[in-house]
file query.csv (CSV, N, CA and C atoms)
chain,number,residue,atom,x,y,z
J,1,MET,N,-50.8,259.2,69.3
J,1,MET,CA,-49.5,258.8,69.9
J,1,MET,C,-49.3,259.7,71.2
J,2,LYS,N,-48.9,259.0,72.2
J,2,LYS,CA,-48.7,259.7,73.5
J,2,LYS,C,-47.5,260.6,73.5
J,3,PRO,N,-47.4,261.6,74.3
J,3,PRO,CA,-46.3,262.5,74.3
J,3,PRO,C,-45.0,261.7,74.7
J,4,GLU,N,-45.1,260.7,75.6
J,4,GLU,CA,-43.9,259.9,76.0
J,4,GLU,C,-43.4,259.2,74.8
J,5,GLU,N,-44.3,258.6,74.0
J,5,GLU,CA,-43.8,257.9,72.9
J,5,GLU,C,-43.2,258.8,71.9
J,6,LYS,N,-43.7,260.0,71.7
J,6,LYS,CA,-43.1,261.0,70.8
J,6,LYS,C,-41.7,261.3,71.2
J,7,ARG,N,-41.5,261.6,72.5
J,7,ARG,CA,-40.2,261.9,73.1
J,7,ARG,C,-39.2,260.8,72.9
J,8,ALA,N,-39.7,259.6,73.1
J,8,ALA,CA,-38.8,258.4,73.0
J,8,ALA,C,-38.4,258.3,71.5
J,9,LEU,N,-39.3,258.4,70.6
J,9,LEU,CA,-39.0,258.3,69.2
J,9,LEU,C,-38.0,259.5,68.7
J,10,SER,N,-38.2,260.7,69.2
J,10,SER,CA,-37.3,261.8,68.9
J,10,SER,C,-36.0,261.6,69.5
J,11,ALA,N,-35.9,261.1,70.7
J,11,ALA,CA,-34.6,260.8,71.3
J,11,ALA,C,-33.9,259.7,70.6
J,12,GLU,N,-34.6,258.7,70.2
J,12,GLU,CA,-34.0,257.6,69.4
J,12,GLU,C,-33.5,258.1,68.1
J,13,HIS,N,-34.2,259.0,67.4
J,13,HIS,CA,-33.9,259.5,66.1
J,13,HIS,C,-32.6,260.4,66.3
J,14,ALA,N,-32.6,261.2,67.4
J,14,ALA,CA,-31.4,262.1,67.6
J,14,ALA,C,-30.2,261.3,67.9
J,15,SER,N,-30.3,260.2,68.7
J,15,SER,CA,-29.1,259.4,69.0
J,15,SER,C,-28.6,258.7,67.7
J,16,SER,N,-29.5,258.2,66.8
J,16,SER,CA,-29.1,257.6,65.6
J,16,SER,C,-28.4,258.6,64.7
J,17,GLU,N,-28.9,259.9,64.7
J,17,GLU,CA,-28.2,260.9,63.9
J,17,GLU,C,-26.8,261.2,64.4
J,18,ASN,N,-26.7,261.2,65.8
J,18,ASN,CA,-25.4,261.4,66.4
J,18,ASN,C,-24.4,260.3,66.0
J,19,GLU,N,-24.9,259.1,66.0
J,19,GLU,CA,-24.1,258.0,65.7
J,19,GLU,C,-23.6,258.1,64.2
J,20,VAL,N,-24.5,258.5,63.3
J,20,VAL,CA,-24.1,258.6,61.9
J,20,VAL,C,-23.1,259.7,61.7
J,21,GLU,N,-23.3,260.8,62.4
J,21,GLU,CA,-22.3,261.9,62.4
J,21,GLU,C,-21.0,261.5,62.9
J,22,ALA,N,-20.9,260.7,64.0
J,22,ALA,CA,-19.7,260.2,64.5
J,22,ALA,C,-19.0,259.3,63.6
J,23,GLN,N,-19.7,258.4,62.9
J,23,GLN,CA,-19.1,257.5,61.9
J,23,GLN,C,-18.6,258.3,60.7
J,24,ILE,N,-19.3,259.3,60.3
J,24,ILE,CA,-18.8,260.1,59.2
J,24,ILE,C,-17.5,260.9,59.6
J,25,GLU,N,-17.5,261.4,60.8
J,25,GLU,CA,-16.3,262.1,61.3
J,25,GLU,C,-15.1,261.2,61.4
J,26,LYS,N,-15.4,260.0,61.9
J,26,LYS,CA,-14.3,259.0,62.0
J,26,LYS,C,-13.7,258.6,60.6
J,27,GLN,N,-14.6,258.5,59.6
J,27,GLN,CA,-14.1,258.2,58.3
J,27,GLN,C,-13.3,259.3,57.7
J,28,LYS,N,-13.7,260.5,57.9
J,28,LYS,CA,-13.0,261.7,57.4
J,28,LYS,C,-11.7,261.9,58.0
J,29,GLY,N,-11.5,261.6,59.2
J,29,GLY,CA,-10.3,261.8,59.9
J,29,GLY,C,-10.4,263.2,60.6
J,30,LEU,N,-9.3,263.6,61.2
J,30,LEU,CA,-9.2,264.9,61.9
J,30,LEU,C,-8.6,265.9,61.1
J,31,SER,N,-9.1,267.1,61.0
J,31,SER,CA,-8.5,268.2,60.3
J,31,SER,C,-7.3,268.7,61.1
J,32,THR,N,-6.4,269.4,60.4
J,32,THR,CA,-5.2,269.9,61.0
J,32,THR,C,-5.6,270.9,62.1
J,33,LEU,N,-6.6,271.8,61.8
J,33,LEU,CA,-7.0,272.7,62.8
J,33,LEU,C,-7.6,272.1,64.1
J,34,SER,N,-8.4,271.0,63.9
J,34,SER,CA,-8.9,270.2,65.0
J,34,SER,C,-7.8,269.6,65.8
J,35,LEU,N,-6.8,269.1,65.1
J,35,LEU,CA,-5.6,268.4,65.8
J,35,LEU,C,-4.9,269.5,66.6
J,36,ILE,N,-4.7,270.6,66.1
J,36,ILE,CA,-4.0,271.7,66.8
J,36,ILE,C,-4.8,272.1,68.1
J,37,GLY,N,-6.1,272.2,67.9
J,37,GLY,CA,-7.0,272.6,69.0
J,37,GLY,C,-7.0,271.5,70.1
J,38,THR,N,-6.9,270.2,69.7
J,38,THR,CA,-6.9,269.1,70.6
J,38,THR,C,-5.5,269.2,71.4
J,39,ILE,N,-4.4,269.4,70.7
J,39,ILE,CA,-3.1,269.5,71.4
J,39,ILE,C,-3.1,270.6,72.4
J,40,LEU,N,-3.6,271.8,72.0
J,40,LEU,CA,-3.6,272.9,72.9
J,40,LEU,C,-4.5,272.7,74.1
J,41,ALA,N,-5.6,272.0,73.8
J,41,ALA,CA,-6.5,271.7,75.0
J,41,ALA,C,-5.9,270.7,75.9
J,42,ALA,N,-5.1,269.8,75.4
J,42,ALA,CA,-4.4,268.8,76.2
J,42,ALA,C,-3.3,269.5,77.0
J,43,ALA,N,-2.6,270.5,76.4
J,43,ALA,CA,-1.6,271.3,77.1
J,43,ALA,C,-2.1,272.0,78.3
J,44,PHE,N,-3.3,272.6,78.1
J,44,PHE,CA,-3.9,273.3,79.2
J,44,PHE,C,-4.8,272.4,80.1
J,45,GLY,N,-5.0,271.2,79.7
J,45,GLY,CA,-5.7,270.3,80.6
J,45,GLY,C,-7.2,270.4,80.5
J,46,VAL,N,-7.7,271.0,79.5
J,46,VAL,CA,-9.2,271.2,79.4
J,46,VAL,C,-9.6,270.7,78.0
J,47,GLN,N,-10.7,269.9,78.0
J,47,GLN,CA,-11.3,269.5,76.7
J,47,GLN,C,-12.7,269.0,77.0
J,48,SER,N,-13.6,269.3,76.0
J,48,SER,CA,-15.0,268.8,76.1
J,48,SER,C,-15.1,267.3,75.9
J,49,SER,N,-16.1,266.8,76.5
J,49,SER,CA,-16.3,265.3,76.4
J,49,SER,C,-16.6,264.9,74.9
J,50,ARG,N,-17.2,265.8,74.2
J,50,ARG,CA,-17.5,265.5,72.8
J,50,ARG,C,-16.2,265.5,72.0
J,51,ALA,N,-15.3,266.4,72.2
J,51,ALA,CA,-14.0,266.4,71.5
J,51,ALA,C,-13.1,265.2,71.9
J,52,ARG,N,-13.2,264.9,73.2
J,52,ARG,CA,-12.5,263.7,73.7
J,52,ARG,C,-13.0,262.4,73.0
J,53,GLU,N,-14.3,262.3,72.9
J,53,GLU,CA,-14.8,261.1,72.2
J,53,GLU,C,-14.4,261.1,70.7
J,54,ARG,N,-14.4,262.3,70.1
J,54,ARG,CA,-14.0,262.4,68.7
J,54,ARG,C,-12.6,261.9,68.6
J,55,ASP,N,-11.7,262.4,69.5
J,55,ASP,CA,-10.3,262.1,69.4
J,55,ASP,C,-10.0,260.6,69.6
J,56,PHE,N,-10.7,260.0,70.6
J,56,PHE,CA,-10.5,258.6,70.9
J,56,PHE,C,-11.1,257.7,69.8
J,57,SER,N,-11.9,258.2,69.0
J,57,SER,CA,-12.5,257.4,67.9
J,57,SER,C,-11.7,257.3,66.7
J,58,GLN,N,-10.6,258.1,66.6
J,58,GLN,CA,-9.7,258.1,65.5
J,58,GLN,C,-9.0,256.8,65.3
J,59,ARG,N,-8.7,256.5,64.1
J,59,ARG,CA,-8.0,255.2,63.8
J,59,ARG,C,-6.6,255.1,64.3
J,60,SER,N,-5.9,256.2,64.2
J,60,SER,CA,-4.5,256.1,64.6
J,60,SER,C,-4.1,257.2,65.6
J,61,PRO,N,-3.3,256.8,66.6
J,61,PRO,CA,-2.9,257.8,67.6
J,61,PRO,C,-1.7,258.6,67.2
J,62,TRP,N,-1.1,258.2,66.1
J,62,TRP,CA,0.2,258.9,65.6
J,62,TRP,C,0.1,260.4,65.4
J,63,PRO,N,-0.9,260.9,64.8
J,63,PRO,CA,-1.0,262.4,64.7
J,63,PRO,C,-1.0,263.1,66.0
J,64,PHE,N,-1.6,262.5,67.0
J,64,PHE,CA,-1.6,263.1,68.3
J,64,PHE,C,-0.2,263.0,69.0
J,65,ILE,N,0.4,261.9,68.8
J,65,ILE,CA,1.7,261.7,69.4
J,65,ILE,C,2.8,262.6,68.8
J,66,ILE,N,2.8,262.7,67.5
J,66,ILE,CA,3.7,263.5,66.8
J,66,ILE,C,3.4,265.0,67.1
J,67,GLY,N,2.2,265.4,67.1
J,67,GLY,CA,1.8,266.8,67.4
J,67,GLY,C,2.2,267.1,68.8
J,68,GLY,N,2.0,266.2,69.7
J,68,GLY,CA,2.4,266.5,71.1
J,68,GLY,C,3.9,266.6,71.3
J,69,ILE,N,4.6,265.8,70.6
J,69,ILE,CA,6.1,265.9,70.7
J,69,ILE,C,6.5,267.3,70.1
J,70,LEU,N,6.0,267.6,69.0
J,70,LEU,CA,6.4,268.9,68.3
J,70,LEU,C,6.0,270.1,69.2
J,71,PHE,N,4.8,270.0,69.8
J,71,PHE,CA,4.4,271.1,70.7
J,71,PHE,C,5.3,271.2,71.9
J,72,GLY,N,5.7,270.1,72.5
J,72,GLY,CA,6.6,270.0,73.6
J,72,GLY,C,7.9,270.7,73.3
J,73,ILE,N,8.5,270.3,72.1
J,73,ILE,CA,9.8,270.9,71.7
J,73,ILE,C,9.6,272.4,71.5
J,74,MET,N,8.5,272.8,70.8
J,74,MET,CA,8.4,274.3,70.6
J,74,MET,C,8.2,275.0,71.9
J,75,PHE,N,7.5,274.4,72.8
J,75,PHE,CA,7.3,275.0,74.1
J,75,PHE,C,8.6,275.2,74.9
J,76,VAL,N,9.4,274.2,74.9
J,76,VAL,CA,10.7,274.3,75.6
J,76,VAL,C,11.6,275.3,74.9
J,77,LEU,N,11.6,275.3,73.6
J,77,LEU,CA,12.5,276.3,72.9
J,77,LEU,C,12.0,277.7,73.1
J,78,THR,N,10.7,277.9,73.2
J,78,THR,CA,10.2,279.2,73.5
J,78,THR,C,10.6,279.7,74.9
J,79,LEU,N,10.5,278.8,75.9
J,79,LEU,CA,10.9,279.1,77.2
J,79,LEU,C,12.4,279.5,77.3
J,80,VAL,N,13.2,278.7,76.6
J,80,VAL,CA,14.7,278.9,76.6
J,80,VAL,C,14.9,280.3,75.9
J,81,PHE,N,14.3,280.6,74.8
J,81,PHE,CA,14.4,281.9,74.2
J,81,PHE,C,14.0,283.1,75.1
J,82,LEU,N,12.9,282.9,75.7
J,82,LEU,CA,12.4,284.0,76.6
J,82,LEU,C,13.3,284.2,77.8
J,83,VAL,N,13.8,283.2,78.4
J,83,VAL,CA,14.7,283.3,79.5
J,83,VAL,C,16.0,283.9,79.1
J,84,SER,N,16.5,283.5,77.9
J,84,SER,CA,17.8,284.1,77.4
J,84,SER,C,17.6,285.6,77.1
J,85,MET,N,16.4,286.0,76.7
J,85,MET,CA,16.2,287.4,76.4
J,85,MET,C,16.0,288.2,77.7
J,86,ILE,N,15.5,287.6,78.7
J,86,ILE,CA,15.2,288.4,80.0
J,86,ILE,C,16.5,288.5,80.9
J,87,LEU,N,17.2,287.4,81.0
J,87,LEU,CA,18.4,287.4,81.9
J,87,LEU,C,19.5,288.1,81.1
J,88,PRO,N,20.3,288.9,81.9
J,88,PRO,CA,21.5,289.5,81.3
J,88,PRO,C,22.6,288.5,80.9
J,89,ASP,N,23.3,288.9,79.9
J,89,ASP,CA,24.4,288.0,79.5
J,89,ASP,C,25.5,288.1,80.5
J,90,ARG,N,26.2,287.0,80.7
J,90,ARG,CA,27.3,286.9,81.7
J,90,ARG,C,28.6,287.1,81.0

call {"tool": "encode", "arguments": {"input": "query.csv", "output": "structure tokens"}}
result
Amino acid sequence: MKPEEKRALSAEHASSENEVEAQIEKQKGLSTLSLIGTILAAAFGVQSSRARERDFSQRSPWPFIIGGILFGIMFVLTLVFLVSMILPDR
């Protein structure tokens, strides 16, 4: 077998393994820790392409929507608290 054929077979095998892993991940759903990581990455505007593909392959967008809303509320309340602690009372 030629080296090119071996590389092609190994690449095909690796891609089929990645597809199987993606299907298993999709069936399992997203863990709470992964969801929190995704929401924080979205807040900072950084995320790997692998994580993005994982997130977009999920069945329902509702965990992301609810998590984003809760993060937004917590962020605003934290800012209000910090500003009220820093500024003197009138």

call {"tool": "residues_around", "arguments": {"input": "query.csv", "residues": "region 49-51 of chain J", "least_positions_apart": "5", "cutoff": "10 Å", "atoms": "only C-alpha atoms", "output": "PyMOL selection string"}}
result
chain J and resi 34+37-38+41+56-57

call {"tool": "closest_residue", "arguments": {"input": "query.csv", "among": "J:Asp55, J:Ser60, J:Leu30, J:Ile39", "to": "Gly72 (chain J)", "atoms": "only C-alpha atoms"}}
result
J:Ile39

call {"tool": "atom_distance", "arguments": {"input": "query.csv", "atom1": "atom N of Pro61 (chain J)", "atom2": "CA of Leu40 (chain J)"}}
result
17.3 Å

call {"tool": "atom_distance", "arguments": {"input": "query.csv", "atom1": "CA of Leu33 (chain J)", "atom2": "CA of Pro63 (chain J)"}}
result
12.1 Å

call {"tool": "atom_distance", "arguments": {"input": "query.csv", "atom1": "atom N of Gly29 (chain J)", "atom2": "CA of Ile65 (chain J)"}}
result
16.7 Å

call {"tool": "closest_residue", "arguments": {"input": "query.csv", "among": "J:Asp89, J:Ser31, J:Ile36, J:Ser84", "to": "Leu70 (chain J)", "atoms": "only C-alpha atoms"}}
result
J:Ile36
